[in-house]
file query_3.txt (compact mmCIF, C-alpha atoms and all ligand atoms)
# COMPACT_ATOMS: atom_id res chain seq x y z
CA MET Q 109 -102.10 -1.69 -51.41
CA LEU Q 110 -102.37 -0.93 -47.68
CA PRO Q 111 -103.44 -4.43 -46.53
CA VAL Q 112 -100.48 -5.94 -48.42
CA LEU Q 113 -98.13 -3.46 -46.77
CA GLU Q 114 -99.66 -4.13 -43.36
CA ASP Q 115 -99.10 -7.90 -43.72
CA TYR Q 116 -95.56 -7.25 -44.96
CA MET Q 117 -94.71 -5.03 -42.00
CA ARG Q 118 -96.04 -7.53 -39.48
CA LEU Q 119 -93.87 -10.38 -40.70
CA GLY Q 120 -90.23 -10.67 -39.70
CA GLN Q 121 -87.74 -10.97 -36.90
CA GLY Q 122 -87.62 -7.51 -35.40
CA ALA Q 123 -84.12 -6.18 -34.86
CA LEU Q 124 -82.61 -9.34 -36.34
CA SER Q 125 -83.94 -8.35 -39.74
CA LEU Q 126 -81.57 -5.39 -39.56
CA THR Q 127 -78.50 -7.61 -39.29
CA ASN Q 128 -76.67 -9.64 -41.95
CA LEU Q 129 -78.38 -12.73 -40.56
CA GLY Q 130 -81.69 -11.17 -41.47
CA ARG Q 131 -81.64 -12.50 -45.01
CA PHE Q 132 -81.61 -16.06 -43.65
CA LEU Q 133 -84.24 -15.41 -40.98
CA ILE Q 134 -86.84 -13.39 -42.86
CA PRO Q 135 -89.69 -15.70 -43.91
CA GLU Q 136 -90.11 -16.33 -47.63
CA GLU Q 137 -93.66 -14.97 -47.38
CA LYS Q 138 -92.23 -11.52 -46.66
CA PHE Q 139 -90.49 -11.48 -50.05
CA VAL Q 140 -93.72 -12.62 -51.74
CA LEU Q 141 -95.63 -9.76 -50.13
CA MET Q 142 -92.91 -7.33 -51.12
CA ASP Q 143 -93.17 -8.41 -54.75
CA LYS Q 144 -96.94 -8.01 -54.58
CA PHE Q 145 -96.57 -4.52 -53.16
CA TYR Q 146 -93.98 -3.53 -55.81
CA SER Q 147 -96.27 -4.80 -58.51
CA LEU Q 148 -99.20 -2.73 -57.17
CA VAL Q 149 -97.03 0.40 -57.15
CA ARG Q 150 -95.86 -0.34 -60.73
CA GLN Q 151 -99.49 -0.72 -61.83
CA GLU Q 152 -100.40 2.62 -60.22
CA VAL Q 153 -97.50 4.44 -61.92
CA GLU Q 154 -98.46 2.81 -65.22
CA ARG Q 155 -102.12 3.80 -64.77
CA HIS Q 156 -100.94 7.41 -64.31
CA ARG Q 157 -98.75 7.21 -67.43
CA GLN Q 158 -101.65 5.93 -69.54
CA SER Q 159 -104.07 8.64 -68.42
CA PHE Q 160 -101.50 11.45 -68.11
CA ASP Q 161 -102.71 14.93 -69.10
CA PRO Q 162 -100.13 17.77 -68.65
CA THR Q 163 -102.94 20.31 -68.13
CA ASP Q 164 -104.46 18.29 -65.28
CA ILE Q 165 -101.84 17.35 -62.68
CA ARG Q 166 -103.75 15.17 -60.22
CA ASP Q 167 -101.05 14.23 -57.74
CA PHE Q 168 -97.37 13.62 -57.02
CA ILE Q 169 -96.99 10.85 -59.61
CA ASP Q 170 -98.43 13.10 -62.35
CA LEU Q 171 -96.09 15.91 -61.35
CA TYR Q 172 -93.13 13.55 -61.45
CA ILE Q 173 -94.11 12.26 -64.92
CA LYS Q 174 -94.45 15.89 -66.12
CA VAL Q 175 -90.94 16.80 -64.91
CA THR Q 176 -89.53 13.59 -66.47
CA ARG Q 177 -91.15 14.34 -69.84
CA GLU Q 178 -89.88 17.95 -69.75
CA GLY Q 179 -86.37 16.48 -69.50
CA GLN Q 180 -85.35 18.32 -66.32
CA ASP Q 181 -82.35 16.69 -64.59
CA PRO Q 182 -82.76 13.38 -66.50
CA GLU Q 183 -80.29 11.59 -64.23
CA ILE Q 184 -82.44 12.29 -61.18
CA TYR Q 185 -85.94 12.10 -62.63
CA THR Q 186 -85.77 8.56 -63.97
CA GLU Q 187 -88.65 6.11 -64.34
CA TRP Q 188 -87.06 3.95 -61.67
CA ASN Q 189 -86.92 6.80 -59.15
CA VAL Q 190 -90.64 7.59 -59.18
CA PHE Q 191 -91.30 3.94 -58.34
CA ARG Q 192 -88.69 4.04 -55.55
CA ILE Q 193 -90.06 7.27 -54.05
CA ILE Q 194 -93.62 5.92 -53.88
CA VAL Q 195 -92.36 2.70 -52.29
CA ASP Q 196 -90.30 4.66 -49.73
CA LEU Q 197 -93.11 7.03 -48.81
CA TYR Q 198 -95.58 4.19 -48.33
CA MET Q 199 -93.18 2.02 -46.38
CA ALA Q 200 -91.92 4.81 -44.14
CA GLY Q 201 -95.15 6.75 -43.79
CA THR Q 202 -98.03 4.34 -43.24
CA ASP Q 203 -97.11 1.76 -40.62
CA THR Q 204 -95.29 4.32 -38.42
CA THR Q 205 -98.28 6.66 -38.27
CA ALA Q 206 -100.85 3.84 -37.94
CA ASN Q 207 -98.95 2.30 -35.03
CA THR Q 208 -98.67 5.66 -33.30
CA PHE Q 209 -102.50 5.84 -33.31
CA ARG Q 210 -102.83 2.22 -32.22
CA TRP Q 211 -100.55 2.94 -29.26
CA SER Q 212 -102.30 6.20 -28.38
CA LEU Q 213 -105.61 4.35 -27.98
CA VAL Q 214 -103.87 1.67 -25.88
CA HIS Q 215 -102.71 4.40 -23.50
CA MET Q 216 -106.06 6.20 -23.51
CA VAL Q 217 -108.02 3.12 -22.44
CA ASN Q 218 -105.43 2.39 -19.75
CA HIS Q 219 -105.58 6.00 -18.46
CA PRO Q 220 -109.14 7.35 -18.55
CA ASP Q 221 -107.97 10.33 -16.45
CA VAL Q 222 -105.49 11.35 -19.15
CA GLN Q 223 -108.12 10.85 -21.84
CA LYS Q 224 -110.49 13.09 -19.87
CA GLY Q 225 -107.76 15.74 -19.48
CA VAL Q 226 -107.18 15.83 -23.24
CA GLN Q 227 -110.93 15.99 -23.90
CA GLN Q 228 -111.31 18.90 -21.47
CA GLU Q 229 -108.58 20.79 -23.32
CA ILE Q 230 -110.21 19.98 -26.67
CA ASP Q 231 -113.57 21.24 -25.37
CA GLN Q 232 -112.02 24.49 -24.11
CA VAL Q 233 -109.88 25.29 -27.15
CA ILE Q 234 -111.67 23.68 -30.13
CA GLY Q 235 -115.13 22.83 -28.85
CA GLN Q 236 -117.51 20.59 -30.80
CA GLY Q 237 -118.41 22.99 -33.58
CA ARG Q 238 -115.30 22.77 -35.78
CA VAL Q 239 -112.38 20.54 -36.69
CA ALA Q 240 -108.92 20.83 -35.11
CA LYS Q 241 -106.23 22.88 -36.83
CA MET Q 242 -102.49 23.05 -36.24
CA GLU Q 243 -102.69 26.55 -34.69
CA ASP Q 244 -104.67 25.00 -31.80
CA LYS Q 245 -101.63 22.98 -30.71
CA ALA Q 246 -99.86 25.95 -29.06
CA ARG Q 247 -102.87 26.36 -26.75
CA MET Q 248 -103.13 22.66 -25.88
CA PRO Q 249 -100.03 21.76 -23.81
CA PHE Q 250 -101.59 18.75 -22.09
CA THR Q 251 -102.55 17.23 -25.44
CA GLU Q 252 -99.05 17.90 -26.80
CA ALA Q 253 -97.54 16.34 -23.65
CA THR Q 254 -99.76 13.27 -24.08
CA ILE Q 255 -98.69 12.81 -27.71
CA LEU Q 256 -95.01 13.21 -26.72
CA GLU Q 257 -95.50 10.56 -24.05
CA VAL Q 258 -97.00 8.17 -26.65
CA PHE Q 259 -93.96 8.75 -28.90
CA ARG Q 260 -91.60 8.16 -25.97
CA MET Q 261 -93.17 5.19 -24.29
CA SER Q 262 -94.16 3.34 -27.47
CA THR Q 263 -91.19 3.99 -29.71
CA VAL Q 264 -92.65 2.96 -33.07
CA VAL Q 265 -89.24 3.09 -34.80
CA PRO Q 266 -87.09 1.60 -32.03
CA PHE Q 267 -83.84 1.38 -34.01
CA GLY Q 268 -84.25 4.04 -36.69
CA ILE Q 269 -82.82 3.08 -40.08
CA ALA Q 270 -79.39 1.53 -40.55
CA HIS Q 271 -76.55 3.94 -41.28
CA ALA Q 272 -72.81 3.37 -41.81
CA THR Q 273 -69.71 5.22 -40.68
CA SER Q 274 -68.06 7.02 -43.62
CA GLU Q 275 -64.80 7.19 -41.65
CA THR Q 276 -63.29 5.63 -38.54
CA THR Q 277 -64.89 7.37 -35.58
CA ILE Q 278 -64.18 7.43 -31.84
CA LEU Q 279 -67.29 7.67 -29.68
CA ASP Q 280 -67.11 7.59 -25.87
CA GLY Q 281 -63.72 5.88 -26.10
CA TYR Q 282 -64.94 3.17 -28.52
CA THR Q 283 -63.39 2.99 -31.97
CA ILE Q 284 -65.95 2.38 -34.69
CA PRO Q 285 -64.16 1.41 -37.93
CA LYS Q 286 -65.09 2.95 -41.28
CA ASP Q 287 -68.01 1.21 -43.05
CA THR Q 288 -69.54 -0.19 -39.87
CA VAL Q 289 -73.35 -0.44 -39.83
CA VAL Q 290 -74.68 1.76 -37.04
CA LEU Q 291 -78.18 1.83 -35.56
CA GLY Q 292 -79.56 4.43 -33.16
CA HIS Q 293 -81.23 2.63 -30.25
CA PHE Q 294 -84.02 5.16 -29.63
CA TYR Q 295 -86.06 2.74 -27.50
CA ARG Q 296 -83.13 2.49 -25.07
CA VAL Q 297 -82.69 6.27 -24.88
CA PHE Q 298 -86.40 6.77 -24.16
CA HIS Q 299 -86.49 4.00 -21.53
CA ASP Q 300 -83.29 4.83 -19.66
CA LYS Q 301 -84.17 5.94 -16.14
CA ASN Q 302 -81.27 8.41 -16.24
CA ASN Q 303 -83.14 10.23 -19.00
CA PHE Q 304 -86.76 9.68 -17.94
CA GLU Q 305 -87.88 8.79 -14.42
CA GLU Q 306 -90.06 5.66 -14.21
CA PRO Q 307 -89.64 5.12 -17.96
CA TYR Q 308 -92.19 2.31 -18.22
CA LYS Q 309 -94.98 4.47 -16.75
CA PHE Q 310 -97.19 6.55 -19.01
CA LYS Q 311 -96.95 10.03 -17.48
CA PRO Q 312 -97.77 12.94 -19.81
CA GLU Q 313 -97.20 15.35 -16.91
CA ARG Q 314 -93.44 14.67 -17.16
CA TRP Q 315 -93.52 16.93 -20.25
CA LEU Q 316 -95.01 19.94 -18.42
CA ASP Q 317 -93.10 22.48 -16.33
CA GLY Q 318 -94.45 24.32 -13.26
CA ASP Q 319 -96.21 26.86 -15.53
CA GLY Q 320 -97.91 24.12 -17.54
CA LYS Q 321 -95.64 24.72 -20.54
CA VAL Q 322 -94.27 21.86 -22.66
CA ILE Q 323 -90.67 20.91 -21.82
CA LYS Q 324 -88.35 20.39 -24.79
CA SER Q 325 -85.78 17.62 -24.38
CA ASP Q 326 -82.82 16.79 -26.62
CA LYS Q 327 -83.31 13.14 -25.53
CA MET Q 328 -86.66 13.02 -27.29
CA VAL Q 329 -85.80 12.19 -30.90
CA PRO Q 330 -88.45 9.76 -32.21
CA PHE Q 331 -87.74 10.98 -35.75
CA SER Q 332 -83.96 10.63 -35.33
CA ILE Q 333 -81.54 13.54 -35.76
CA GLY Q 334 -79.03 14.90 -38.26
CA PRO Q 335 -79.16 15.30 -42.04
CA ARG Q 336 -81.08 12.01 -42.50
CA VAL Q 337 -83.78 12.85 -39.97
CA CYS Q 338 -87.22 11.43 -40.91
CA LEU Q 339 -88.35 13.09 -44.12
CA GLY Q 340 -91.96 12.95 -42.99
CA LYS Q 341 -91.39 14.47 -39.50
CA GLY Q 342 -93.48 17.59 -40.14
CA LEU Q 343 -96.29 15.60 -41.75
CA ALA Q 344 -96.24 12.94 -39.02
CA GLU Q 345 -96.36 15.58 -36.26
CA MET Q 346 -99.29 17.24 -37.98
CA GLU Q 347 -101.11 13.94 -38.50
CA SER Q 348 -100.58 12.88 -34.88
CA PHE Q 349 -102.05 16.10 -33.54
CA ILE Q 350 -105.01 16.42 -35.94
CA PHE Q 351 -106.03 12.73 -35.92
CA PHE Q 352 -105.58 12.27 -32.17
CA THR Q 353 -107.57 15.38 -31.23
CA THR Q 354 -110.29 14.56 -33.80
CA LEU Q 355 -110.68 11.04 -32.41
CA LEU Q 356 -110.94 12.27 -28.82
CA GLN Q 357 -113.17 15.20 -29.79
CA ASN Q 358 -115.71 12.72 -31.13
CA PHE Q 359 -115.25 9.55 -29.11
CA THR Q 360 -114.34 8.25 -25.66
CA PHE Q 361 -112.37 5.02 -25.88
CA LYS Q 362 -112.98 2.26 -23.34
CA VAL Q 363 -111.95 -1.33 -22.70
CA PRO Q 364 -114.87 -3.61 -23.72
CA GLU Q 365 -116.75 -4.92 -20.68
CA GLY Q 366 -115.23 -8.06 -19.16
CA GLU Q 367 -111.94 -7.66 -21.08
CA ASN Q 368 -108.49 -6.73 -19.80
CA PRO Q 369 -106.84 -3.51 -21.01
CA PRO Q 370 -104.17 -4.06 -23.70
CA SER Q 371 -100.51 -4.04 -22.62
CA GLU Q 372 -98.81 -0.64 -22.70
CA VAL Q 373 -95.32 -2.16 -22.72
CA GLU Q 374 -95.36 -5.45 -24.62
CA GLY Q 375 -95.77 -5.33 -28.38
CA LEU Q 376 -94.95 -6.81 -31.72
CA ASN Q 377 -91.42 -5.90 -32.77
CA THR Q 378 -91.24 -6.27 -36.53
CA SER Q 379 -90.22 -3.49 -38.91
CA THR Q 380 -91.83 -1.10 -36.45
CA PHE Q 381 -93.05 -1.54 -32.89
CA ALA Q 382 -96.80 -2.25 -32.80
CA PRO Q 383 -99.20 -3.16 -30.00
CA TYR Q 384 -100.63 -6.68 -30.04
CA ASP Q 385 -104.13 -6.81 -31.53
CA TYR Q 386 -106.70 -5.46 -29.10
CA ARG Q 387 -110.31 -4.35 -29.00
CA VAL Q 388 -111.70 -1.03 -27.79
CA ARG Q 389 -115.18 0.45 -27.51
CA ALA Q 390 -115.54 3.84 -29.18
CA VAL Q 391 -118.37 5.67 -27.40
CA ARG Q 392 -119.73 8.71 -29.29
CA ARG Q 393 -119.37 11.85 -27.13
C1 LIG L 1 -94.97 8.63 -36.21
C2 LIG L 1 -94.53 8.65 -37.41
C3 LIG L 1 -93.09 8.50 -37.84
C4 LIG L 1 -91.97 8.20 -37.09
C5 LIG L 1 -91.85 7.94 -35.60
C6 LIG L 1 -90.86 8.18 -38.02
C7 LIG L 1 -89.54 7.94 -37.65
C8 LIG L 1 -88.49 7.85 -38.54
C9 LIG L 1 -87.14 7.52 -38.18
C10 LIG L 1 -86.63 7.25 -36.77
C11 LIG L 1 -86.41 7.50 -39.33
C12 LIG L 1 -84.91 7.15 -39.44
C13 LIG L 1 -84.09 8.39 -39.66
C14 LIG L 1 -82.62 8.03 -39.73
O1 LIG L 1 -82.24 7.40 -40.73
O2 LIG L 1 -81.87 8.36 -38.82
C15 LIG L 1 -87.29 7.83 -40.43
C16 LIG L 1 -86.90 7.92 -41.76
C17 LIG L 1 -87.75 8.25 -42.78
N1 LIG L 1 -89.08 8.59 -42.69
FE1 LIG L 1 -90.18 8.62 -40.98
N2 LIG L 1 -91.31 8.46 -39.28
C18 LIG L 1 -92.66 8.68 -39.22
C19 LIG L 1 -93.51 9.01 -40.25
C20 LIG L 1 -93.12 9.24 -41.55
C21 LIG L 1 -93.99 9.72 -42.63
C22 LIG L 1 -95.47 10.08 -42.45
C23 LIG L 1 -93.23 9.77 -43.77
C24 LIG L 1 -93.59 10.18 -45.17
C25 LIG L 1 -94.77 10.26 -45.67
C26 LIG L 1 -91.89 9.33 -43.41
C27 LIG L 1 -90.84 9.24 -44.29
C28 LIG L 1 -89.56 8.86 -43.95
C29 LIG L 1 -88.48 8.70 -44.91
C30 LIG L 1 -88.58 8.88 -46.44
C31 LIG L 1 -87.35 8.33 -44.20
C32 LIG L 1 -85.94 8.06 -44.73
C33 LIG L 1 -85.19 9.38 -44.71
C34 LIG L 1 -83.77 9.25 -45.23
O3 LIG L 1 -83.19 8.19 -45.19
O4 LIG L 1 -83.23 10.28 -45.64
N3 LIG L 1 -91.86 9.03 -42.07
N4 LIG L 1 -88.56 8.04 -39.91
call {"tool": "encode", "arguments": {"input": "query_3.txt", "output": "structure tokens"}}
result
Amino acid sequence: MLPVLEDYMRLGQGALSLTNLGRFLIPEEKFVLMDKFYSLVRQEVERHRQSFDPTDIRDFIDLYIKVTREGQDPEIYTEWNVFRIIVDLYMAGTDTTANTFRWSLVHMVNHPDVQKGVQQEIDQVIGQGRVAKMEDKARMPFTEATILEVFRMSTVVPFGIAHATSETTILDGYTIPKDTVVLGHFYRVFHDKNNFEEPYKFKPERWLDGDGKVIKSDKMVPFSIGPRVCLGKGLAEMESFIFFTTLLQNFTFKVPEGENPPSEVEGLNTSTFAPYDYRVRAVRR
């Protein structure tokens, strides 16, 4: 399922796919991949239905089938909705997280000093004898600052998801009529020099105050804001911390000899913002 989704996400016209013109510009192959992905999800749901045992709930799909069969809120728990939820979680939750890791390695190989700083903090707080846990984060400000800087500099969801105005709204003197499609331009906010000095430079230290504590900023909203904020924010924050620290606890990442470091700024702007393909050497610590 994941390779199909990966190919799907990488095809398209970036921001244009979010406009009405998108339907004419999106390559046919994208629709074919989408159908393939839908069909794989349908097969998985069907496989769960066939082997369903109410005394052995194996995962989310089983739980959903159980609630559906018990007849709770039949208008909400429909067969169609379980399919839709799985599709949404996969589409929103895989490429975003994967690209965050891809970008973090891009920055690490470009900034060996930052990588070393994170590894020193890992060695002091976690050591080599155990795996990272979320409670460690509060004692690892430099690591947290580095992850924030990855989120800022490499905005994996540059435009968020399309919304619409439910009523005519005046914003900064501009009238936005009811039913207008509205996109939040997070990339612009994170790369505006009025918000972040030298926005195209990777500087984790910008997130630390004089006491070495992490600075909170209301300009830093990679998961959007408001009632439709990213549903997976908590999970994604957890994954970024645990995966990133585990990778750097075990490996040092380097540019392969004779190759140039991958670009920290240029990337592939499709459904999400991804770095161009690159190679790294993972050296066991
Ligand atoms: C680095 C990782 C991630 C980033 C940067 C990210 C960012 C975002 C953003 C900007 C939105 C748009 C919110 C809006 O409409 O204003 C969004 C929506 C959403 N995200 Fe994430 N996301 C990430 C990971 C995840 C994960 C791991 C999941 C679930 C497993 C997830 C599930 C969703 C869902 C379901 C929505 C739609 C929410 C709604 O419309 O109510 N995301 N995400």
call {"tool": "residues_around", "arguments": {"input": "query_3.txt", "residues": "range 289-299 of chain Q", "least_positions_apart": "3", "cutoff": "6 Å", "atoms": "only C-alpha atoms", "output": "JSON list (two decimals) with C-alpha atoms, in the coordinates of the input"}}
result
[["chain", "number", "residue", "atom", "x", "y", "z"],
["Q", 260, "ARG", "CA", -91.60, 8.16, -25.97],
["Q", 263, "THR", "CA", -91.19, 3.99, -29.71],
["Q", 266, "PRO", "CA", -87.09, 1.60, -32.03],
["Q", 267, "PHE", "CA", -83.84, 1.38, -34.01],
["Q", 268, "GLY", "CA", -84.25, 4.04, -36.69],
["Q", 270, "ALA", "CA", -79.39, 1.53, -40.55],
["Q", 271, "HIS", "CA", -76.55, 3.94, -41.28],
["Q", 272, "ALA", "CA", -72.81, 3.37, -41.81],
["Q", 307, "PRO", "CA", -89.64, 5.12, -17.96]]
call {"tool": "closest_atom_pairs", "arguments": {"input": "query_3.txt", "of": "chain Q", "to": "ligand LIG 1 (chain L)", "cutoff": "8 Å", "atoms": "all atoms listed in the file", "output": "CSV"}}
result
residue,atom,partner,partner_atom,distance
Q:Ile193,CA,L:LIG1,C30,7.9
Q:Asp196,CA,L:LIG1,C30,5.6
Q:Leu197,CA,L:LIG1,C25,4.8
Q:Tyr198,CA,L:LIG1,C25,6.7
Q:Met199,CA,L:LIG1,C27,7.9
Q:Ala200,CA,L:LIG1,C27,4.6
Q:Gly201,CA,L:LIG1,C21,3.4
Q:Thr202,CA,L:LIG1,C22,6.3
Q:Thr204,CA,L:LIG1,C2,4.5
Q:Thr205,CA,L:LIG1,C2,4.3
Q:Ala206,CA,L:LIG1,C1,7.8
Q:Asn207,CA,L:LIG1,C1,7.6
Q:Thr208,CA,L:LIG1,C1,5.6
Q:Phe259,CA,L:LIG1,C5,7.1
Q:Thr263,CA,L:LIG1,C5,7.1
Q:Val264,CA,L:LIG1,C5,5.6
Q:Val265,CA,L:LIG1,C10,5.3
Q:Pro266,CA,L:LIG1,C10,7.4
Q:Phe267,CA,L:LIG1,C10,7.1
Q:Gly268,CA,L:LIG1,C10,4.0
Q:Ile269,CA,L:LIG1,O1,4.4
Q:Ala270,CA,L:LIG1,O1,6.5
Q:His271,CA,L:LIG1,O1,6.7
Q:Gly292,CA,L:LIG1,O2,7.3
Q:Phe294,CA,L:LIG1,C10,7.9
Q:Val329,CA,L:LIG1,C10,7.7
Q:Pro330,CA,L:LIG1,C5,5.1
Q:Phe331,CA,L:LIG1,C7,4.0
Q:Ser332,CA,L:LIG1,C10,4.5
Q:Ile333,CA,L:LIG1,O2,6.0
Q:Gly334,CA,L:LIG1,O2,7.2
Q:Pro335,CA,L:LIG1,O4,7.4
Q:Arg336,CA,L:LIG1,O4,4.2
Q:Val337,CA,L:LIG1,C13,4.5
Q:Cys338,CA,L:LIG1,C16,3.6
Q:Leu339,CA,L:LIG1,C28,4.4
Q:Gly340,CA,L:LIG1,C23,3.5
Q:Lys341,CA,L:LIG1,C20,5.9
Q:Leu343,CA,L:LIG1,C22,5.6
Q:Ala344,CA,L:LIG1,C22,4.5
Q:Glu345,CA,L:LIG1,C1,7.1
Q:Glu347,CA,L:LIG1,C22,7.9
Q:Ser348,CA,L:LIG1,C1,7.2
call {"tool": "residues_around", "arguments": {"input": "query_3.txt", "residues": "Leu171 in chain Q", "least_positions_apart": "3", "cutoff": "12 Å", "atoms": "only C-alpha atoms", "output": "ChimeraX atom specification"}}
result
/Q:153,156-157,160-168,174-178,185,190
call {"tool": "closest_residue", "arguments": {"input": "query_3.txt", "among": "Q:Asp231, Q:Asp317, Q:Glu257, Q:Asp280", "to": "Phe304 in chain Q", "atoms": "all atoms listed in the file"}}
result
Q:Glu257
call {"tool": "closest_residue", "arguments": {"input": "query_3.txt", "among": "Q:Ile255, Q:Val373, Q:Ile234, Q:Val222", "to": "Asn358 in chain Q", "atoms": "all atoms listed in the file"}}
result
Q:Ile234
call {"tool": "atom_distance", "arguments": {"input": "query_3.txt", "atom1": "CA of Pro383 in chain Q", "atom2": "CA of Val195 in chain Q"}}
result
24.0 Å
call {"tool": "residues_near_point", "arguments": {"input": "query_3.txt", "point": "(-86.7, 14.7, -23.7)", "cutoff": "8 Å", "atoms": "all atoms listed in the file", "output": "number ranges by chain"}}
result
Q: 298, 303-304, 315, 323-329
call {"tool": "closest_residue", "arguments": {"input": "query_3.txt", "among": "Q:Asp319, Q:Lys362, Q:Ile350, Q:Met109", "to": "Lys241 in chain Q", "atoms": "only C-alpha atoms"}}
result
Q:Ile350
call {"tool": "closest_residue", "arguments": {"input": "query_3.txt", "among": "Q:Glu137, Q:Glu114, Q:Glu252, Q:Glu154", "to": "Lys321 in chain Q", "atoms": "all atoms listed in the file"}}
result
Q:Glu252
call {"tool": "closest_residue", "arguments": {"input": "query_3.txt", "among": "Q:Leu356, Q:Ile169, Q:Ile134, Q:Met248", "to": "Thr378 in chain Q", "atoms": "only C-alpha atoms"}}
result
Q:Ile134
call {"tool": "closest_residue", "arguments": {"input": "query_3.txt", "among": "Q:Asp221, Q:Glu187, Q:Glu136, Q:Asp244", "to": "Glu313 in chain Q", "atoms": "all atoms listed in the file"}}
result
Q:Asp221
call {"tool": "atom_distance", "arguments": {"input": "query_3.txt", "atom1": "CA of Phe352 in chain Q", "atom2": "CA of Val226 in chain Q"}}
result
9.7 Å
call {"tool": "atom_distance", "arguments": {"input": "query_3.txt", "atom1": "CA of Val363 in chain Q", "atom2": "CA of Val112 in chain Q"}}
result
28.5 Å
call {"tool": "residues_near_point", "arguments": {"input": "query_3.txt", "point": "(-102.8, -0.8, -24.2)", "cutoff": "10 Å", "atoms": "only C-alpha atoms", "output": "MDAnalysis selection string"}}
result
chainID Q and resid 210:219 363 368:375 383:388
call {"tool": "decode", "arguments": {"input": "query_3.txt", "residues": "range 341-366 of chain Q", "atoms": "C-alpha atoms", "output": "PDB file, in the first residue's frame"}}
result
ATOM      1  CA  LYS Q 341      -0.498  16.609  15.543  1.00  0.00           C
ATOM      2  CA  GLY Q 342       0.181  14.788  18.827  1.00  0.00           C
ATOM      3  CA  LEU Q 343       1.166  11.577  17.046  1.00  0.00           C
ATOM      4  CA  ALA Q 344       3.356  13.412  14.521  1.00  0.00           C
ATOM      5  CA  GLU Q 345       5.145  15.354  17.282  1.00  0.00           C
ATOM      6  CA  MET Q 346       5.778  12.121  19.140  1.00  0.00           C
ATOM      7  CA  GLU Q 347       6.990  10.325  16.015  1.00  0.00           C
ATOM      8  CA  SER Q 348       9.324  13.184  15.072  1.00  0.00           C
ATOM      9  CA  PHE Q 349      10.976  13.202  18.475  1.00  0.00           C
ATOM     10  CA  ILE Q 350      11.273   9.413  18.971  1.00  0.00           C
ATOM     11  CA  PHE Q 351      12.357   8.556  15.401  1.00  0.00           C
ATOM     12  CA  PHE Q 352      14.784  11.471  15.072  1.00  0.00           C
ATOM     13  CA  THR Q 353      16.515  10.823  18.402  1.00  0.00           C
ATOM     14  CA  THR Q 354      16.638   7.055  17.741  1.00  0.00           C
ATOM     15  CA  LEU Q 355      18.256   7.612  14.335  1.00  0.00           C
ATOM     16  CA  LEU Q 356      20.884   9.972  15.747  1.00  0.00           C
ATOM     17  CA  GLN Q 357      21.436   7.812  18.830  1.00  0.00           C
ATOM     18  CA  ASN Q 358      22.480   4.959  16.552  1.00  0.00           C
ATOM     19  CA  PHE Q 359      23.931   6.576  13.448  1.00  0.00           C
ATOM     20  CA  THR Q 360      25.897   9.581  12.222  1.00  0.00           C
ATOM     21  CA  PHE Q 361      24.704  10.710   8.802  1.00  0.00           C
ATOM     22  CA  LYS Q 362      27.209  11.934   6.230  1.00  0.00           C
ATOM     23  CA  VAL Q 363      27.324  12.977   2.588  1.00  0.00           C
ATOM     24  CA  PRO Q 364      28.834  10.093   0.567  1.00  0.00           C
ATOM     25  CA  GLU Q 365      32.441  10.805  -0.417  1.00  0.00           C
ATOM     26  CA  GLY Q 366      32.792  12.829  -3.617  1.00  0.00           C
TER      27      GLY Q 366
END
